[in-house]
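Chemist: As input, take target_38.cif (mmCIF, C-alpha atoms and all ligand atoms; chains and numbers go by the auth columns):
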```cif
data_final
loop_
_atom_site.group_PDB
_atom_site.id
_atom_site.type_symbol
_atom_site.label_atom_id
_atom_site.label_comp_id
_atom_site.label_asym_id
_atom_site.label_seq_id
_atom_site.Cartn_x
_atom_site.Cartn_y
_atom_site.Cartn_z
_atom_site.B_iso_or_equiv
_atom_site.auth_seq_id
_atom_site.auth_asym_id
ATOM 1 C CA MET A 1 -45.381 28.494 -27.075 0.00 1 A
ATOM 2 C CA ALA A 2 -44.991 30.874 -24.141 0.00 2 A
ATOM 3 C CA ALA A 3 -41.641 30.759 -22.429 0.00 3 A
ATOM 4 C CA GLN A 4 -41.194 32.292 -19.034 0.00 4 A
ATOM 5 C CA ARG A 5 -37.573 33.099 -19.667 0.00 5 A
ATOM 6 C CA CYS A 6 -35.791 35.129 -22.272 0.00 6 A
ATOM 7 C CA GLY A 7 -34.491 32.973 -25.104 0.00 7 A
ATOM 8 C CA VAL A 8 -31.254 34.964 -25.199 0.00 8 A
ATOM 9 C CA CYS A 9 -30.200 35.816 -21.658 0.00 9 A
ATOM 10 C CA HIS A 10 -32.523 33.432 -19.778 0.00 10 A
ATOM 11 C CA ARG A 11 -33.693 36.118 -17.441 0.00 11 A
ATOM 12 C CA ARG A 12 -37.182 35.758 -16.102 0.00 12 A
ATOM 13 C CA LEU A 13 -39.782 37.533 -18.202 0.00 13 A
ATOM 14 C CA THR A 14 -42.407 39.559 -16.428 0.00 14 A
ATOM 15 C CA ASP A 15 -44.526 41.349 -18.979 0.00 15 A
ATOM 16 C CA PRO A 16 -47.079 39.429 -21.052 0.00 16 A
ATOM 17 C CA ALA A 17 -45.767 40.637 -24.390 0.00 17 A
ATOM 18 C CA SER A 18 -42.239 39.446 -23.616 0.00 18 A
ATOM 19 C CA ILE A 19 -43.535 36.103 -22.371 0.00 19 A
ATOM 20 C CA ALA A 20 -45.610 35.687 -25.518 0.00 20 A
ATOM 21 C CA MET A 21 -42.621 36.458 -27.737 0.00 21 A
ATOM 22 C CA GLY A 22 -40.105 34.586 -25.631 0.00 22 A
ATOM 23 C CA TYR A 23 -37.622 37.454 -25.367 0.00 23 A
ATOM 24 C CA GLY A 24 -37.176 40.312 -22.943 0.00 24 A
ATOM 25 C CA PRO A 25 -37.299 43.940 -24.032 0.00 25 A
ATOM 26 C CA GLU A 26 -33.539 44.480 -23.893 0.00 26 A
ATOM 27 C CA CYS A 27 -32.737 41.457 -26.004 0.00 27 A
ATOM 28 C CA ARG A 28 -35.537 42.347 -28.396 0.00 28 A
ATOM 29 C CA GLY A 29 -33.920 45.735 -28.849 0.00 29 A
ATOM 30 C CA LYS A 30 -30.559 44.171 -29.643 0.00 30 A
ATOM 31 C CA MET A 31 -32.101 41.628 -31.977 0.00 31 A
ATOM 32 C CA THR A 32 -34.079 44.309 -33.764 0.00 32 A
ATOM 33 C CA LYS A 33 -30.807 46.094 -34.518 0.00 33 A
ATOM 34 C CA ARG A 34 -29.486 42.865 -35.983 0.00 34 A
ATOM 35 C CA GLY A 35 -32.414 42.602 -38.349 0.00 35 A
ATOM 36 C CA TRP A 36 -34.974 40.553 -36.435 0.00 36 A
ATOM 37 C CA LYS A 37 -38.561 41.599 -36.723 0.00 37 A
ATOM 38 C CA PHE A 38 -40.909 41.094 -33.803 0.00 38 A
ATOM 39 C CA PRO A 39 -44.666 40.829 -33.765 0.00 39 A
ATOM 40 C CA LYS A 40 -46.560 43.857 -32.625 0.00 40 A
ATOM 41 C CA PRO A 41 -48.322 43.431 -29.305 0.00 41 A
ATOM 42 C CA ILE A 42 -51.957 44.479 -29.285 0.00 42 A
ATOM 43 C CA TYR A 43 -53.148 45.757 -25.938 0.00 43 A
ATOM 44 C CA ARG A 44 -56.555 46.398 -24.513 0.00 44 A
ATOM 45 C CA VAL A 45 -57.358 48.550 -21.523 0.00 45 A
ATOM 46 C CA THR A 46 -60.083 47.241 -19.274 0.00 46 A
ATOM 47 C CA HIS A 47 -60.966 49.021 -16.039 0.00 47 A
ATOM 48 C CA GLY A 48 -57.660 50.826 -16.061 0.00 48 A
ATOM 49 C CA LYS A 49 -55.678 47.639 -16.514 0.00 49 A
ATOM 50 C CA VAL A 50 -53.627 46.981 -19.603 0.00 50 A
ATOM 51 C CA GLU A 51 -54.047 43.516 -21.045 0.00 51 A
ATOM 52 C CA LEU A 52 -52.207 41.868 -23.875 0.00 52 A
ATOM 53 C CA VAL A 53 -54.768 40.688 -26.389 0.00 53 A
ATOM 54 C CA ARG A 54 -52.581 39.098 -29.034 0.00 54 A
ATOM 55 C CA LEU A 55 -49.487 39.481 -31.124 0.00 55 A
ATOM 56 C CA GLU A 56 -49.829 40.725 -34.652 0.00 56 A
ATOM 57 C CA GLY A 57 -47.315 39.377 -37.123 0.00 57 A
ATOM 58 C CA ASP A 58 -44.503 36.883 -36.753 0.00 58 A
ATOM 59 C CA LEU A 59 -41.066 36.692 -35.290 0.00 59 A
ATOM 60 C CA THR A 60 -38.908 36.948 -38.386 0.00 60 A
ATOM 61 C CA PRO A 61 -35.186 36.203 -38.414 0.00 61 A
ATOM 62 C CA PRO A 62 -32.874 38.470 -40.394 0.00 62 A
ATOM 63 C CA ALA A 63 -32.104 37.589 -43.981 0.00 63 A
ATOM 64 C CA GLN A 64 -29.043 35.379 -44.231 0.00 64 A
ATOM 65 C CA SER A 65 -27.008 37.914 -46.115 0.00 65 A
ATOM 66 C CA GLU A 66 -24.479 38.758 -43.421 0.00 66 A
ATOM 67 C CA SER A 67 -20.976 37.515 -44.026 0.00 67 A
ATOM 68 C CA ARG A 68 -20.531 36.715 -40.342 0.00 68 A
ATOM 69 C CA PRO A 69 -23.215 34.368 -39.033 0.00 69 A
ATOM 70 C CA SER A 70 -24.271 34.677 -35.403 0.00 70 A
ATOM 71 C CA LYS A 71 -23.255 31.965 -32.955 0.00 71 A
ATOM 72 C CA LYS A 72 -26.688 30.525 -32.534 0.00 72 A
ATOM 73 C CA VAL A 73 -28.587 30.123 -35.749 0.00 73 A
ATOM 74 C CA LYS A 74 -31.954 28.535 -35.370 0.00 74 A
ATOM 75 C CA ARG A 75 -32.622 26.677 -38.578 0.00 75 A
HETATM 76 ZN ZN ZN B . -32.931 38.657 -22.588 0.00 101 A
#
```
Before we go any further, please render this structure as structure tokens.
Modeler:
Amino acid sequence: MAAQRCGVCHRRLTDPASIAMGYGPECRGKMTKRGWKFPKPIYRVTHGKVELVRLEGDLTPPAQSESRPSKKVKR
């Protein structure tokens, strides 16, 4: 499920890892601080070009232990 836009701010995603995860780097940073865990991108360098091979791990939402739930809770 590769989205071309960030799932948070809807900005266009340009790098393969962000497209694969569905979130841009800035929003990933913010989400990480809120407890989200992102898969680790695995890169390969071929002829001087960096290619995204795959993502290792899963996108994991934070544990529902916060007293104040975020506006948009996906399931
Ligand atoms: Zn974003």
Chemist: Find, counting all atoms listed in the file, the residue in A:Ala20, A:Glu56, A:Pro25, A:Thr14 that gets nearest to ligand ZN 101 (chain A).
Modeler: A:Pro25
Chemist: Report, in Å to a single decimal, how far apart CA of Ala63 (chain A) and CA of Tyr43 (chain A) are.
Modeler: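 One can read the CA of Tyr43 (chain A) to CA of Ala63 (chain A) distance as 28.9 Å.
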Chemist: Do you know which residues the PyMOL selection byres (((not hetatm)) within 12 of (chain A and resi 101)) returns on this file, as a PyMOL selection string?
Modeler: chain A and resi 3-14+18-19+21-31
Chemist: Would you put the residues from that selection into a file with C-alpha atoms, as a PDB file, in the coordinates of the input?
Modeler:
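Here's the written file selection.pdb:
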```pdb
ATOM      1  CA  ALA A   3     -41.641  30.759 -22.429  1.00  0.00           C
ATOM      2  CA  GLN A   4     -41.194  32.292 -19.034  1.00  0.00           C
ATOM      3  CA  ARG A   5     -37.573  33.099 -19.667  1.00  0.00           C
ATOM      4  CA  CYS A   6     -35.791  35.129 -22.272  1.00  0.00           C
ATOM      5  CA  GLY A   7     -34.491  32.973 -25.104  1.00  0.00           C
ATOM      6  CA  VAL A   8     -31.254  34.964 -25.199  1.00  0.00           C
ATOM      7  CA  CYS A   9     -30.200  35.816 -21.658  1.00  0.00           C
ATOM      8  CA  HIS A  10     -32.523  33.432 -19.778  1.00  0.00           C
ATOM      9  CA  ARG A  11     -33.693  36.118 -17.441  1.00  0.00           C
ATOM     10  CA  ARG A  12     -37.182  35.758 -16.102  1.00  0.00           C
ATOM     11  CA  LEU A  13     -39.782  37.533 -18.202  1.00  0.00           C
ATOM     12  CA  THR A  14     -42.407  39.559 -16.428  1.00  0.00           C
ATOM     13  CA  SER A  18     -42.239  39.446 -23.616  1.00  0.00           C
ATOM     14  CA  ILE A  19     -43.535  36.103 -22.371  1.00  0.00           C
ATOM     15  CA  MET A  21     -42.621  36.458 -27.737  1.00  0.00           C
ATOM     16  CA  GLY A  22     -40.105  34.586 -25.631  1.00  0.00           C
ATOM     17  CA  TYR A  23     -37.622  37.454 -25.367  1.00  0.00           C
ATOM     18  CA  GLY A  24     -37.176  40.312 -22.943  1.00  0.00           C
ATOM     19  CA  PRO A  25     -37.299  43.940 -24.032  1.00  0.00           C
ATOM     20  CA  GLU A  26     -33.539  44.480 -23.893  1.00  0.00           C
ATOM     21  CA  CYS A  27     -32.737  41.457 -26.004  1.00  0.00           C
ATOM     22  CA  ARG A  28     -35.537  42.347 -28.396  1.00  0.00           C
ATOM     23  CA  GLY A  29     -33.920  45.735 -28.849  1.00  0.00           C
ATOM     24  CA  LYS A  30     -30.559  44.171 -29.643  1.00  0.00           C
ATOM     25  CA  MET A  31     -32.101  41.628 -31.977  1.00  0.00           C
TER      26      MET A  31
END
```
Chemist: What is the distance, in Å and to one decimal place, between CA of Thr32 (chain A) and CA of Glu51 (chain A)?
Modeler: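 Going from CA of Thr32 (chain A) over to CA of Glu51 (chain A) covers 23.7 Å.
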Chemist: What's the separation between CA of Ala17 (chain A) and CA of Gly57 (chain A), in Å to one decimal place?
Modeler: 12.9 Å
Chemist: Any chance you could work out the axis-aligned box around region 35-46 of chain A, listed atoms only, 4 Å on each side, giving centre and edge lengths in Å to one decimal, as JSON?
Modeler:
```
{"center_x": -46.2, "center_y": 44.6, "center_z": -28.8, "size_x": 35.7, "size_y": 16.0, "size_z": 27.1}
```
Chemist: Between A:Pro16, A:Asp58, A:Val53, A:Gln64, which residue has the minimum interatomic distance to Phe38 (chain A), considering all atoms listed in the file?
Modeler: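 When distances to Phe38 (chain A) are compared using all atoms listed in the file, the smallest one comes from A:Asp58.
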